[in-house]
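Undergrad: Next up, start.txt (compact mmCIF, C-alpha atoms).
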# COMPACT_ATOMS: atom_id res chain seq x y z
CA MET R 183 -42.37 20.69 -28.34
CA THR R 184 -43.27 19.13 -31.60
CA SER R 185 -47.02 19.09 -31.22
CA THR R 186 -48.61 22.14 -29.64
CA VAL R 187 -52.10 23.53 -29.90
CA LEU R 188 -52.54 27.21 -29.02
CA GLY R 189 -49.05 27.19 -27.50
CA VAL R 190 -49.67 24.36 -25.00
CA GLY R 191 -48.60 20.75 -25.26
CA ASN R 192 -50.34 17.43 -24.86
CA GLY R 193 -49.89 17.33 -21.07
CA VAL R 194 -52.29 20.20 -20.49
CA PHE R 195 -55.05 18.43 -22.39
CA ILE R 196 -54.31 15.15 -20.59
CA MET R 197 -54.54 16.86 -17.20
CA ALA R 198 -57.77 18.65 -18.14
CA MET R 199 -59.43 15.42 -19.27
CA MET R 200 -58.15 13.61 -16.19
CA TRP R 201 -59.51 16.26 -13.81
CA VAL R 202 -62.89 16.46 -15.57
CA SER R 203 -63.29 12.68 -15.41
CA ALA R 204 -62.08 12.61 -11.78
CA LEU R 205 -64.59 15.27 -10.74
CA VAL R 206 -67.44 13.51 -12.57
CA LEU R 207 -66.57 10.20 -10.92
CA PHE R 208 -66.26 11.91 -7.54
CA MET R 209 -69.72 13.45 -7.89
CA LEU R 210 -71.23 10.13 -9.00
CA LEU R 211 -69.57 8.16 -6.22
CA SER R 212 -70.41 10.74 -3.52
CA ARG R 213 -74.11 9.74 -3.79
CA SER R 214 -73.38 6.06 -3.22
CA THR R 215 -73.28 4.33 0.13
CA GLY R 216 -70.70 2.21 1.85
CA VAL R 217 -67.11 1.77 0.76
CA ALA R 218 -67.81 3.06 -2.78
CA ARG R 219 -68.37 6.50 -1.27
CA PHE R 220 -64.70 6.74 -0.28
CA ALA R 221 -63.51 5.63 -3.73
CA GLY R 222 -64.22 9.18 -4.96
CA TYR R 223 -61.62 10.53 -2.54
CA VAL R 224 -59.10 7.95 -3.74
CA ILE R 225 -59.72 9.07 -7.34
CA LEU R 226 -59.18 12.74 -6.38
CA ILE R 227 -55.96 11.93 -4.52
CA GLY R 228 -54.74 9.83 -7.46
CA SER R 229 -55.46 12.70 -9.85
CA LEU R 230 -53.57 15.07 -7.55
CA VAL R 231 -50.55 12.73 -7.45
CA VAL R 232 -50.51 12.31 -11.25
CA THR R 233 -50.80 16.10 -11.70
CA LEU R 234 -47.90 16.74 -9.30
CA ILE R 235 -45.74 14.17 -11.13
CA MET R 236 -46.54 15.77 -14.50
CA VAL R 237 -45.78 19.27 -13.22
CA LEU R 238 -42.64 18.50 -11.20
CA LEU R 239 -41.05 16.03 -13.62
CA PRO R 240 -41.55 17.42 -17.14
CA ARG R 241 -40.24 15.41 -20.09
CA ASP R 242 -39.20 18.33 -22.30
CA ASP R 243 -37.18 21.43 -21.63
CA GLU R 244 -39.02 24.58 -20.73
CA LEU R 245 -37.45 26.46 -23.61
CA PRO R 246 -38.07 24.96 -27.03
CA GLU R 247 -35.14 24.29 -29.32
CA VAL R 248 -34.45 26.99 -31.85
CA GLU R 249 -34.95 25.63 -35.33
CA GLU R 250 -33.06 27.21 -38.18
CA GLU R 251 -35.32 28.45 -40.90
CA ALA R 252 -34.62 27.05 -44.33
CA GLN R 253 -33.53 29.65 -46.83
CA ILE R 254 -35.25 29.35 -50.17
CA VAL R 255 -32.91 30.25 -53.01
CA ASP R 256 -34.22 30.77 -56.54
CA ALA R 257 -31.37 29.75 -58.83
CA LEU R 258 -33.33 30.54 -62.00
CA PHE R 259 -34.12 34.12 -60.97
CA ILE R 260 -32.26 35.81 -63.85
CA CYS R 261 -33.50 33.30 -66.44
CA ARG R 262 -37.09 33.94 -65.44
CA TYR R 263 -36.70 37.70 -65.79
CA ILE R 264 -35.07 37.29 -69.21
CA LEU R 265 -37.97 35.07 -70.28
CA LEU R 266 -40.45 37.62 -68.89
CA ALA R 267 -38.74 40.45 -70.81
CA LEU R 268 -38.79 38.40 -74.01
CA LEU R 269 -42.47 37.56 -73.64
CA MET R 270 -43.38 41.19 -72.84
CA SER R 271 -41.51 42.44 -75.92
CA ILE R 272 -43.29 39.88 -78.12
CA PHE R 273 -46.63 40.90 -76.59
CA LEU R 274 -46.01 44.60 -77.12
CA GLY R 275 -44.80 43.98 -80.68
CA SER R 276 -47.93 41.97 -81.50
CA VAL R 277 -50.17 44.68 -80.03
CA PHE R 278 -48.36 47.28 -82.15
CA LEU R 279 -48.76 45.15 -85.31
CA LEU R 280 -52.43 44.60 -84.51
CA LEU R 281 -52.88 48.37 -84.16
CA VAL R 282 -51.11 49.07 -87.45
CA GLN R 283 -52.60 46.27 -89.53
CA HIS R 284 -56.16 46.08 -88.21
CA VAL R 285 -57.24 49.22 -86.39
CA LEU R 286 -55.45 51.83 -88.51
CA GLU R 287 -56.21 50.18 -91.82
CA PRO R 288 -57.58 52.80 -94.21
CA VAL R 289 -61.17 52.38 -95.29
CA TYR R 290 -61.81 53.66 -98.79
CA SER R 291 -65.22 54.88 -99.77
CA LYS R 292 -67.04 53.37 -102.71
CA SER R 293 -67.26 55.46 -105.76
CA LEU R 294 -70.64 56.95 -106.68
CA ARG R 295 -72.14 55.84 -109.91
CA SER R 296 -73.34 58.64 -112.05
CA HIS R 297 -76.07 58.12 -114.71
What is this file in structure tokens?
TA:
Amino acid sequence: MTSTVLGVGNGVFIMAMMWVSALVLFMLLSRSTGVARFAGYVILIGSLVVTLIMVLLPRDDELPEVEEEAQIVDALFICRYILLALLMSIFLGSVFLLLVQHVLEPVYSKSLRSH
């Protein structure tokens, strides 16, 4: 079951389209006269036969094959954490130096001139 939509395969959609078209053709041909009137019954019987073949002789197994999930392994896990620790220590050191050099810098008052 490689291609499924909402958990059903292609056969369900093929049968639905076939039955919708068969019923539309049956309704159109039921209004005609003569031999064409009985062609609608032939279309319905043909759709029934194709449906029975599709149901009784499926191509795939009923149970899908179990696929093994691929395991993702990060080989650079430790290197990335070492790099993260290094970058965090540089960041914290630069924030500390900014605090010491810029924010906590003493501001001296100007001396008053006396006359």
Undergrad: Excluding Met236 of chain R and its own-chain neighbours fewer than 4 positions away, which residues fall within 10 Å of it when counting all atoms listed in the file? Please give them as a list in words.
TA: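 Near Met236 of chain R, the qualifying residues are Gly193, Val194, Ile196, Met197, Leu230, Val231, Val232, Pro240 and Arg241 of chain R.
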Undergrad: Could you tell me, as a PyMOL selection string, which residues have any atom at most 9 Å from (-65.7, 17.8, -5.5), counting all atoms listed in the file?
TA: chain R and resi 204-206+208-209+212+222-223+226
Undergrad: Find the distance between atom CA of Lys292 of chain R and atom CA of Leu279 of chain R and write it in Å to one decimal.
TA: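 Atom CA of Leu279 of chain R lies 26.5 Å from atom CA of Lys292 of chain R.
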Undergrad: Could you tell me how far atom CA of Leu210 of chain R sits from atom CA of Ile227 of chain R, in Å to one decimal place?
TA: 16.0 Å
Undergrad: Might you pull out every residue within 8 Å of Leu207 of chain R, with all atoms listed in the file counted and same-chain residues fewer than 4 positions away left off, and present them as a PyMOL selection string?
TA: chain R and resi 203+211+222+225
Undergrad: What is the distance between atom CA of Phe195 of chain R and atom CA of Ser229 of chain R, in Å to one decimal?
TA: 13.8 Å
